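A.B. asks: Following this line is data_24.cif, made up of mmCIF, C-alpha atoms:
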data_target
#
loop_
_atom_site.label_atom_id
_atom_site.label_comp_id
_atom_site.auth_asym_id
_atom_site.auth_seq_id
_atom_site.Cartn_x
_atom_site.Cartn_y
_atom_site.Cartn_z
CA MET A 299 0.00 0.00 0.00
CA GLN A 300 2.76 2.41 0.96
CA THR A 301 5.01 1.23 -1.87
CA ILE A 302 2.45 2.28 -4.44
CA TRP A 303 2.38 5.87 -3.14
CA LEU A 304 6.18 6.08 -3.09
CA THR A 305 6.24 4.71 -6.64
CA LEU A 306 3.67 7.27 -7.76
CA ALA A 307 5.58 10.08 -6.07
CA ALA A 308 8.85 9.12 -7.78
CA ALA A 309 7.18 8.65 -11.18
CA GLY A 310 5.36 11.97 -10.78
CA LEU A 311 8.49 13.85 -9.74
CA LEU A 312 10.49 12.52 -12.72
CA THR A 313 7.66 13.42 -15.09
CA TYR A 314 7.41 16.90 -13.61
CA LEU A 315 11.17 17.51 -13.86
CA THR A 316 11.07 16.34 -17.49
CA ARG A 317 8.38 18.92 -18.20
CA LEU A 318 10.21 21.69 -16.38
CA SER A 319 13.58 20.74 -17.88
CA PHE A 320 14.29 23.04 -20.82
CA MET A 321 11.68 25.62 -19.88
CA GLY A 322 12.95 26.17 -16.34
CA LEU A 323 15.99 24.21 -15.21
CA LEU A 324 18.25 23.93 -18.24
CA GLN A 325 17.60 27.25 -19.97
CA HIS A 326 21.24 28.11 -20.39
CA TRP A 327 22.49 24.60 -21.01
CA GLN A 328 23.80 23.93 -24.50
CA MET A 329 22.31 20.54 -25.29
CA PRO A 330 24.78 18.19 -27.02
CA ASP A 331 23.80 17.79 -30.64
CA MET A 332 23.57 14.01 -30.26
CA LEU A 333 21.00 14.28 -27.46
CA ARG A 334 18.90 16.77 -29.39
CA ARG A 335 18.77 14.39 -32.34
CA ALA A 336 18.04 11.40 -30.10
CA LEU A 337 15.02 13.08 -28.49
CA ARG A 338 13.22 13.11 -31.83
CA PHE A 339 13.15 9.31 -31.88
CA VAL A 340 11.61 8.97 -28.43
CA PRO A 341 7.94 9.04 -29.54
CA PRO A 342 8.18 6.52 -32.42
CA ALA A 343 10.39 4.15 -30.39
CA VAL A 344 8.31 4.21 -27.20
CA LEU A 345 4.95 4.01 -28.97
CA SER A 346 5.94 1.05 -31.19
CA ALA A 347 7.46 -0.74 -28.21
CA ILE A 348 3.99 -0.67 -26.68
CA ILE A 349 2.03 -1.38 -29.86
CA PHE A 350 3.95 -4.41 -31.21
CA PRO A 351 3.46 -6.75 -28.22
CA ASP A 352 -0.18 -5.66 -27.85
CA LEU A 353 -0.94 -6.66 -31.43
CA LEU A 354 1.37 -9.62 -31.96
CA LEU A 355 1.61 -11.51 -28.67
CA ARG A 356 -1.13 -13.74 -27.31
CA GLU A 357 -0.38 -14.98 -23.80
CA GLY A 358 3.30 -14.36 -24.46
CA VAL A 359 3.43 -16.30 -27.75
CA LEU A 360 3.89 -14.75 -31.20
CA ALA A 361 0.51 -14.88 -32.98
CA PHE A 362 1.11 -13.93 -36.61
CA SER A 363 -2.08 -15.31 -38.11
CA LEU A 364 -5.46 -14.35 -39.54
CA ASP A 365 -7.32 -15.40 -36.42
CA ASN A 366 -5.38 -12.78 -34.42
CA TYR A 367 -8.16 -10.18 -34.48
CA ARG A 368 -6.14 -7.55 -32.61
CA LEU A 369 -3.52 -7.60 -35.34
CA LEU A 370 -6.15 -7.22 -38.10
CA ALA A 371 -7.98 -4.47 -36.20
CA GLY A 372 -4.68 -2.68 -35.49
CA VAL A 373 -3.67 -2.72 -39.16
CA ALA A 374 -7.11 -1.39 -40.13
CA ALA A 375 -6.78 1.38 -37.52
CA ALA A 376 -3.30 2.29 -38.80
CA LEU A 377 -4.70 2.71 -42.32
CA VAL A 378 -7.54 4.90 -41.02
CA GLY A 379 -5.06 6.91 -38.95
CA TRP A 380 -2.80 7.40 -41.96
CA ARG A 381 -5.71 8.61 -44.13
CA THR A 382 -7.59 10.75 -41.57
CA ARG A 383 -4.88 11.85 -39.10
CA ASN A 384 -7.69 11.78 -36.53
CA ILE A 385 -7.22 10.06 -33.16
CA LEU A 386 -10.91 9.45 -32.46
CA TRP A 387 -11.58 7.91 -35.88
CA THR A 388 -8.53 5.70 -35.51
CA ILE A 389 -9.63 4.34 -32.13
CA ALA A 390 -13.27 3.98 -33.20
CA SER A 391 -12.41 2.08 -36.40
CA GLY A 392 -10.01 -0.27 -34.60
CA MET A 393 -12.55 -1.11 -31.88
CA ALA A 394 -15.29 -1.54 -34.52
CA VAL A 395 -13.18 -3.99 -36.56
CA LEU A 396 -12.23 -5.93 -33.41
CA TYR A 397 -15.87 -6.22 -32.27
CA LEU A 398 -17.01 -7.15 -35.78
CA LEU A 399 -14.43 -9.96 -36.09
CA GLN A 400 -15.23 -11.26 -32.59
CA TRP A 401 -18.95 -11.22 -33.41
CA LEU A 402 -18.44 -12.98 -36.74
CA SER A 403 -16.30 -15.70 -35.17
CA VAL A 404 -19.00 -16.42 -32.58
CA SER A 405 -21.96 -16.37 -34.94
CA LEU A 406 -20.46 -18.23 -37.93
CA MET B 89 -4.29 51.13 -24.39
CA LYS B 90 -5.76 51.57 -20.92
CA THR B 91 -9.34 50.92 -20.00
CA PRO B 92 -10.99 51.96 -16.73
CA ILE B 93 -11.22 49.10 -14.24
CA GLY B 94 -14.59 47.36 -14.31
CA SER B 95 -15.55 48.44 -17.80
CA GLN B 96 -14.09 45.34 -19.39
CA VAL B 97 -12.81 41.87 -18.54
CA HIS B 98 -9.19 42.00 -17.44
CA PRO B 99 -7.01 40.95 -20.40
CA ASP B 100 -5.31 38.23 -18.31
CA ARG B 101 -8.66 36.76 -17.48
CA ALA B 102 -9.77 37.00 -21.10
CA GLU B 103 -6.67 35.03 -22.13
CA PHE B 104 -7.35 32.42 -19.45
CA PHE B 105 -10.91 31.85 -20.62
CA ALA B 106 -9.91 31.79 -24.28
CA GLY B 107 -7.43 29.01 -23.48
CA ALA B 108 -10.04 27.11 -21.49
CA LEU B 109 -12.55 27.43 -24.32
CA ASN B 110 -10.12 26.19 -26.96
CA GLU B 111 -9.21 23.19 -24.81
CA LEU B 112 -12.84 22.04 -24.57
CA PRO B 113 -13.09 20.21 -27.93
CA LEU B 114 -10.10 18.05 -26.95
CA LEU B 115 -11.94 16.86 -23.86
CA LEU B 116 -14.14 14.86 -26.23
CA GLY B 117 -11.18 12.56 -26.80
CA VAL B 118 -9.76 12.88 -23.30
CA PHE B 119 -12.92 11.87 -21.47
CA PRO B 120 -13.24 8.31 -22.83
CA PHE B 121 -9.46 7.92 -22.45
CA GLY B 122 -9.60 8.89 -18.77
CA MET B 123 -12.55 6.60 -18.15
CA ILE B 124 -10.77 3.67 -19.77
CA TYR B 125 -7.72 4.36 -17.60
CA GLY B 126 -9.92 4.29 -14.48
CA VAL B 127 -11.52 1.01 -15.54
CA LEU B 128 -8.12 -0.59 -16.34
CA ALA B 129 -6.64 0.56 -13.03
CA MET B 130 -9.53 -1.14 -11.23
CA GLN B 131 -9.06 -4.30 -13.29
CA ALA B 132 -5.36 -4.19 -12.32
CA LEU B 133 -6.54 -4.14 -8.67
CA MET B 134 -5.06 -0.71 -7.94
CA PRO B 135 -6.57 0.92 -4.82
CA ALA B 136 -9.12 3.52 -5.97
CA ALA B 137 -7.29 6.34 -4.15
CA ALA B 138 -3.99 5.45 -5.84
CA ALA B 139 -5.65 5.25 -9.27
CA GLN B 140 -7.13 8.73 -8.80
CA GLY B 141 -3.93 9.95 -7.14
CA MET B 142 -1.89 8.94 -10.15
CA SER B 143 -4.05 11.13 -12.38
CA ALA B 144 -3.17 14.09 -10.15
CA ILE B 145 0.48 13.24 -9.39
CA VAL B 146 1.71 11.94 -12.75
CA PHE B 147 -1.02 13.49 -14.95
CA ALA B 148 0.08 11.80 -18.19
CA GLY B 149 -2.46 9.46 -19.78
CA SER B 150 -0.35 7.05 -21.79
CA SER B 151 2.14 6.42 -18.98
CA GLN B 152 -0.76 5.80 -16.60
CA PHE B 153 -2.20 3.20 -18.98
CA ILE B 154 1.13 1.40 -19.12
CA SER B 155 1.49 1.57 -15.35
CA ALA B 156 -1.88 -0.09 -14.85
CA GLN B 157 -0.79 -2.82 -17.27
CA LEU B 158 2.61 -3.29 -15.56
CA LEU B 159 1.00 -3.40 -12.10
CA ALA B 160 -1.37 -6.11 -13.33
CA GLN B 161 1.68 -8.08 -14.52
CA GLY B 162 3.39 -7.59 -11.16
CA ALA B 163 6.32 -5.46 -12.35
CA PRO B 164 8.74 -4.14 -9.67
CA SER B 165 8.43 -0.46 -8.62
CA LEU B 166 11.75 0.59 -10.13
CA VAL B 167 10.77 -0.78 -13.54
CA LEU B 168 7.43 1.02 -13.27
CA ILE B 169 9.18 4.31 -12.44
CA GLY B 170 11.71 3.85 -15.26
CA THR B 171 8.97 3.03 -17.75
CA VAL B 172 6.90 6.08 -16.80
CA PHE B 173 10.04 8.21 -17.20
CA ILE B 174 10.78 6.84 -20.69
CA VAL B 175 7.18 7.13 -21.85
CA ASN B 176 7.01 10.75 -20.64
CA LEU B 177 10.44 11.75 -21.96
CA ARG B 178 8.77 13.34 -25.01
CA HIS B 179 7.58 16.14 -22.70
CA ALA B 180 11.18 17.41 -22.70
CA LEU B 181 10.67 18.16 -26.41
CA TYR B 182 7.63 20.26 -25.56
CA SER B 183 9.56 22.02 -22.81
CA ALA B 184 12.35 22.89 -25.23
CA SER B 185 9.94 24.25 -27.83
CA LEU B 186 8.25 26.50 -25.24
CA LEU B 187 11.53 27.99 -24.00
CA PRO B 188 11.55 31.00 -26.38
CA TYR B 189 7.99 31.92 -25.34
CA THR B 190 8.38 31.53 -21.58
CA ARG B 191 11.78 33.21 -21.11
CA HIS B 192 10.21 36.39 -19.69
CA LEU B 193 8.23 34.53 -16.98
CA SER B 194 9.19 34.15 -13.33
CA LEU B 195 10.37 30.75 -12.12
CA LYS B 196 7.10 30.48 -10.18
CA TRP B 197 5.09 30.72 -13.38
CA LYS B 198 7.32 28.25 -15.17
CA ALA B 199 7.03 25.81 -12.28
CA LEU B 200 3.24 26.13 -12.45
CA LEU B 201 3.02 25.74 -16.23
CA ALA B 202 5.35 22.72 -16.21
CA TYR B 203 2.78 20.80 -14.16
CA PHE B 204 0.21 21.32 -16.94
CA LEU B 205 2.59 20.51 -19.81
CA THR B 206 0.70 17.51 -21.20
CA ASP B 207 0.18 16.49 -24.84
CA GLU B 208 -3.29 17.99 -25.06
CA ALA B 209 -2.49 21.27 -23.28
CA TYR B 210 0.73 21.69 -25.26
CA VAL B 211 -1.05 21.30 -28.61
CA VAL B 212 -3.50 24.08 -27.74
CA ALA B 213 -0.90 26.38 -26.13
CA ILE B 214 1.72 26.13 -28.87
CA ALA B 215 -0.88 26.91 -31.55
CA HIS B 216 -1.58 30.17 -29.67
CA TYR B 217 2.11 30.95 -29.11
CA ASP B 218 2.84 30.43 -32.81
CA THR B 219 0.54 33.29 -33.85
CA ASP B 220 2.08 36.72 -34.47
CA THR B 221 0.41 38.52 -31.55
CA PRO B 222 2.51 39.70 -28.56
CA VAL B 223 3.59 36.94 -26.18
CA GLU B 224 3.35 38.76 -22.83
CA ARG B 225 -0.07 37.46 -21.67
CA LYS B 226 -0.15 34.09 -23.38
CA HIS B 227 0.89 32.16 -20.27
CA TRP B 228 -2.63 32.86 -18.98
CA TYR B 229 -4.01 31.16 -22.09
CA PHE B 230 -1.75 28.14 -21.46
CA LEU B 231 -2.92 28.03 -17.84
CA GLY B 232 -6.58 28.14 -18.90
CA ALA B 233 -6.06 25.25 -21.31
CA GLY B 234 -4.10 23.27 -18.70
CA VAL B 235 -6.60 23.74 -15.88
CA THR B 236 -9.48 22.73 -18.17
CA LEU B 237 -7.67 19.59 -19.27
CA TRP B 238 -6.75 18.80 -15.67
CA ALA B 239 -10.37 19.02 -14.53
CA GLY B 240 -11.52 16.82 -17.42
CA TRP B 241 -8.83 14.24 -16.69
CA GLN B 242 -9.65 14.03 -12.97
CA LEU B 243 -13.41 13.77 -13.59
CA SER B 244 -13.07 11.12 -16.30
CA THR B 245 -10.69 9.09 -14.12
CA ALA B 246 -13.21 9.20 -11.27
CA ALA B 247 -15.98 8.09 -13.63
CA GLY B 248 -13.83 5.17 -14.83
CA ILE B 249 -12.98 4.12 -11.27
CA PHE B 250 -16.68 4.26 -10.42
CA LEU B 251 -17.60 2.10 -13.42
CA GLY B 252 -14.53 -0.15 -13.04
CA ALA B 253 -16.00 -3.32 -11.66
CA GLN B 254 -19.03 -3.18 -13.94
CA VAL B 255 -17.07 -3.22 -17.20
CA PRO B 256 -16.34 -6.83 -18.24
CA ALA B 257 -12.85 -7.71 -19.54
CA SER B 258 -14.50 -9.16 -22.67
CA TRP B 259 -15.08 -5.60 -23.88
CA SER B 260 -11.32 -5.48 -24.63
CA LEU B 261 -11.07 -1.87 -23.47
CA ASP B 262 -7.31 -2.28 -22.99
CA PHE B 263 -7.08 -2.46 -26.79
CA ALA B 264 -7.97 1.24 -26.91
CA LEU B 265 -4.45 1.89 -25.58
CA ALA B 266 -2.76 0.23 -28.56
CA LEU B 267 -5.15 2.03 -30.91
CA THR B 268 -4.45 5.42 -29.34
CA PHE B 269 -0.73 4.85 -29.76
CA ILE B 270 -1.23 3.77 -33.37
CA ALA B 271 -3.01 7.09 -33.95
CA LEU B 272 -0.08 8.94 -32.35
CA VAL B 273 2.74 7.01 -34.04
CA VAL B 274 1.50 7.26 -37.63
CA PRO B 275 2.14 11.03 -37.96
CA ALA B 276 5.54 10.59 -36.25
CA LEU B 277 6.78 8.27 -39.05
CA LYS B 278 7.95 11.16 -41.19
CA ASP B 279 11.22 9.78 -42.57
CA LYS B 280 13.39 6.65 -42.78
CA PRO B 281 15.21 7.14 -39.44
CA ALA B 282 11.88 7.50 -37.60
CA VAL B 283 10.58 4.32 -39.25
CA ALA B 284 13.81 2.51 -38.34
CA ALA B 285 13.43 3.62 -34.71
CA ALA B 286 9.83 2.41 -34.63
CA ILE B 287 10.45 -1.01 -36.22
CA THR B 288 13.58 -1.74 -34.17
CA ALA B 289 11.85 -0.81 -30.93
CA GLY B 290 8.84 -2.95 -31.84
CA LEU B 291 10.98 -6.01 -32.65
CA ILE B 292 13.06 -5.66 -29.47
CA ALA B 293 9.84 -5.35 -27.46
CA LEU B 294 8.61 -8.64 -28.97
CA ALA B 295 11.91 -10.43 -28.41
CA ALA B 296 12.42 -9.10 -24.89
CA HIS B 297 8.84 -9.45 -23.67
CA ALA B 298 9.59 -12.67 -21.80
CA LEU B 299 12.59 -11.16 -19.98
CA PRO B 300 12.29 -10.86 -16.21
CA TYR B 301 11.43 -7.59 -14.40
CA LYS B 302 9.36 -6.29 -17.35
CA LEU B 303 12.33 -4.34 -18.66
CA TRP B 304 11.20 -4.82 -22.27
CA LEU B 305 9.85 -1.31 -22.74
CA ILE B 306 13.00 0.39 -21.52
CA ALA B 307 15.23 -1.93 -23.60
CA ALA B 308 13.08 -1.45 -26.69
CA ALA B 309 12.96 2.35 -26.36
CA ILE B 310 16.74 2.65 -26.02
CA GLY B 311 17.33 0.23 -28.92
CA GLY B 312 14.87 2.11 -31.11
CA ILE B 313 16.43 5.50 -30.39
CA LEU B 314 19.90 4.14 -31.22
CA ALA B 315 18.60 2.61 -34.46
CA GLY B 316 17.11 5.97 -35.44
CA LEU B 317 20.41 7.74 -34.80
CA ALA B 318 22.38 5.10 -36.71
CA CYS B 319 20.03 5.28 -39.68
CA GLU B 320 20.23 9.07 -39.73
CA GLU B 321 24.03 8.85 -39.72
CA LEU B 322 24.00 6.35 -42.62
CA CYS B 323 21.58 8.49 -44.64
CA ARG B 324 23.79 11.54 -44.16
CA ARG B 325 26.91 9.72 -45.29
CA SER B 326 25.32 8.12 -48.35
CA GLY B 327 23.27 11.14 -49.36
#
Render the structure in this file as structure tokens.

C.D. replies:
Amino acid sequence: MQTIWLTLAAAGLLTYLTRLSFMGLLQHWQMPDMLRRALRFVPPAVLSAIIFPDLLLREGVLAFSLDNYRLLAGVAAALVGWRTRNILWTIASGMAVLYLLQWLSVSL
Amino acid sequence: MKTPIGSQVHPDRAEFFAGALNELPLLLGVFPFGMIYGVLAMQALMPAAAAQGMSAIVFAGSSQFISAQLLAQGAPSLVLIGTVFIVNLRHALYSASLLPYTRHLSLKWKALLAYFLTDEAYVVAIAHYDTDTPVERKHWYFLGAGVTLWAGWQLSTAAGIFLGAQVPASWSLDFALALTFIALVVPALKDKPAVAAAITAGLIALAAHALPYKLWLIAAAIGGILAGLACEELCRRSG
């Protein structure tokens, strides 16, 4: 019980310091060029690291097949996201495809 | 231009409300997101107070989603803290891009604004900063957007916690997390190095998922960033 609050406090403090960093703490710090270039890759790297296992692993095993509905729904959502650039449409289409496939597999 | 007191809304206050108003449409997307987080936190058996507390203390949706997932998998605290740090590292980019606009502010103001520096508040604030009008009062606009988002996030979390037990796992709400990230990653894949970073990180995450201590996300993020840098270096040399 107490551990969770300490964990939250540490995670919150690190997040806060990240947000304050260049705006408040490091205003006069000349960031090394390498670090500045590395920061750009943080969003694609972190996001894919979360997406890939969610779509491709089922109970810890690689599931690269047509009956992996999350994978199919995720690919459909990526296409919608690429065309529309709209977060809500992307989520809605992915959930719709997932529900549709689940419903089809039960009723057929 | 001076106006007598009382004849008009104070310009600071006008900025604040303009920011709040322009944040409102984003709450449409934030509200379901916050509710899903609350539901997932309950499914991960987080105490309700801690689930709500995290929305106030960390105040960063995607990292809270991941934390709920990691807690459900029984990850150690240090891994959870490291993962939240990595997932929220992109906020440093926002901080850097706001530096030219916030230079004139006191440290107190900067410390306050940093707390509200989330994806959704940043998007609204930077759009206002990027216009040609004078910058001196725009921190009030930022604050208005941030406070509005904060209120929406706390309320939607509470609603999700309240619903928590009643939402069956068969609804696959956790899938909304992957879908949200798909929506965020697609526009970030602007060039070859970014694609290399994404694919490398994804493959490492798959390969390392079975490793102990749930270190896969941290390993994958570092590997992906290095791959992006390497690819950029190669492109520069060949091109």

A.B. asks: Rounded to one decimal in Å, what is the spacing between CA of His297 (chain B) and CA of Trp303 (chain A)?

C.D. replies: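 Here the two named atoms are 26.4 Å from each other.
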
A.B. asks: Taking the file as I've supplied it (selection: the PyMOL selection byres ((chain B and resi 126) around 10)), which residues are included? Please answer as an mmCIF file with C-alpha atoms, in the frame of the given file.

C.D. replies:
data_model
loop_
_atom_site.group_PDB
_atom_site.id
_atom_site.type_symbol
_atom_site.label_atom_id
_atom_site.label_comp_id
_atom_site.auth_asym_id
_atom_site.auth_seq_id
_atom_site.Cartn_x
_atom_site.Cartn_y
_atom_site.Cartn_z
ATOM 1 C CA PRO B 120 -13.240 8.310 -22.830
ATOM 2 C CA PHE B 121 -9.460 7.920 -22.450
ATOM 3 C CA GLY B 122 -9.600 8.890 -18.770
ATOM 4 C CA MET B 123 -12.550 6.600 -18.150
ATOM 5 C CA ILE B 124 -10.770 3.670 -19.770
ATOM 6 C CA TYR B 125 -7.720 4.360 -17.600
ATOM 7 C CA VAL B 127 -11.520 1.010 -15.540
ATOM 8 C CA LEU B 128 -8.120 -0.590 -16.340
ATOM 9 C CA ALA B 129 -6.640 0.560 -13.030
ATOM 10 C CA MET B 130 -9.530 -1.140 -11.230
ATOM 11 C CA GLN B 131 -9.060 -4.300 -13.290
ATOM 12 C CA ALA B 132 -5.360 -4.190 -12.320
ATOM 13 C CA MET B 134 -5.060 -0.710 -7.940
ATOM 14 C CA ALA B 136 -9.120 3.520 -5.970
ATOM 15 C CA ALA B 139 -5.650 5.250 -9.270
ATOM 16 C CA GLN B 140 -7.130 8.730 -8.800
ATOM 17 C CA SER B 143 -4.050 11.130 -12.380
ATOM 18 C CA GLN B 152 -0.760 5.800 -16.600
ATOM 19 C CA PHE B 153 -2.200 3.200 -18.980
ATOM 20 C CA ALA B 156 -1.880 -0.090 -14.850
ATOM 21 C CA GLN B 242 -9.650 14.030 -12.970
ATOM 22 C CA SER B 244 -13.070 11.120 -16.300
ATOM 23 C CA THR B 245 -10.690 9.090 -14.120
ATOM 24 C CA ALA B 246 -13.210 9.200 -11.270
ATOM 25 C CA ALA B 247 -15.980 8.090 -13.630
ATOM 26 C CA GLY B 248 -13.830 5.170 -14.830
ATOM 27 C CA ILE B 249 -12.980 4.120 -11.270
ATOM 28 C CA PHE B 250 -16.680 4.260 -10.420
ATOM 29 C CA LEU B 251 -17.600 2.100 -13.420
ATOM 30 C CA GLY B 252 -14.530 -0.150 -13.040
#

A.B. asks: Using all atoms listed in the file, which of A:Leu353, A:Ser391, A:Leu311, A:Ala343 sits nearest chain B?

C.D. replies: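 Of the candidates, the smallest distance to chain B is held by A:Ala343.
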
A.B. asks: Report as an NGL selection string the residues that result from applying the PyMOL selection byres ((chain A) within 8 of (chain B)) to the structure here.

C.D. replies: :A and (301-303 or 305-314 or 316-322 or 325 or 335-355 or 358 or 368 or 372 or 375-376 or 379-380 or 383-386 or 388-389 or 392-393)

A.B. asks: Give me, please, the distance in Å between CA of Val373 (chain A) and CA of Val395 (chain A), quoted to one decimal.

C.D. replies: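 So the answer is 9.9 Å.
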
A.B. asks: What would region 155-169 of chain B look like with N, CA and C atoms in place, written as a short mmCIF file (atom, residue, chain, number, x, y, z; two decimals), in the frame of the given file?

C.D. replies:
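Output contents, as saved in selection.cif:
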data_model
loop_
_atom_site.label_atom_id
_atom_site.label_comp_id
_atom_site.auth_asym_id
_atom_site.auth_seq_id
_atom_site.Cartn_x
_atom_site.Cartn_y
_atom_site.Cartn_z
N SER B 155 1.29 1.91 -16.75
CA SER B 155 1.49 1.57 -15.35
C SER B 155 0.44 0.58 -14.87
N ALA B 156 -0.82 0.83 -15.25
CA ALA B 156 -1.88 -0.09 -14.85
C ALA B 156 -1.58 -1.49 -15.38
N GLN B 157 -1.13 -1.54 -16.65
CA GLN B 157 -0.79 -2.82 -17.27
C GLN B 157 0.37 -3.50 -16.54
N LEU B 158 1.43 -2.72 -16.24
CA LEU B 158 2.61 -3.29 -15.56
C LEU B 158 2.25 -3.77 -14.16
N LEU B 159 1.40 -2.99 -13.45
CA LEU B 159 1.00 -3.40 -12.10
C LEU B 159 0.25 -4.72 -12.15
N ALA B 160 -0.62 -4.87 -13.18
CA ALA B 160 -1.37 -6.11 -13.33
C ALA B 160 -0.43 -7.28 -13.56
N GLN B 161 0.70 -7.02 -14.25
CA GLN B 161 1.68 -8.08 -14.52
C GLN B 161 2.66 -8.26 -13.36
N GLY B 162 2.52 -7.45 -12.32
CA GLY B 162 3.39 -7.59 -11.16
C GLY B 162 4.81 -7.09 -11.37
N ALA B 163 4.97 -6.00 -12.13
CA ALA B 163 6.32 -5.46 -12.35
C ALA B 163 6.83 -4.78 -11.07
N PRO B 164 8.16 -4.81 -10.84
CA PRO B 164 8.74 -4.14 -9.67
C PRO B 164 8.61 -2.61 -9.79
N SER B 165 8.62 -1.92 -8.64
CA SER B 165 8.43 -0.46 -8.62
C SER B 165 9.44 0.28 -9.48
N LEU B 166 10.71 -0.14 -9.39
CA LEU B 166 11.75 0.59 -10.13
C LEU B 166 11.52 0.52 -11.63
N VAL B 167 11.06 -0.63 -12.11
CA VAL B 167 10.77 -0.78 -13.54
C VAL B 167 9.59 0.12 -13.91
N LEU B 168 8.59 0.17 -13.03
CA LEU B 168 7.43 1.02 -13.27
C LEU B 168 7.86 2.49 -13.37
N ILE B 169 8.72 2.92 -12.44
CA ILE B 169 9.18 4.31 -12.44
C ILE B 169 9.98 4.60 -13.71
#
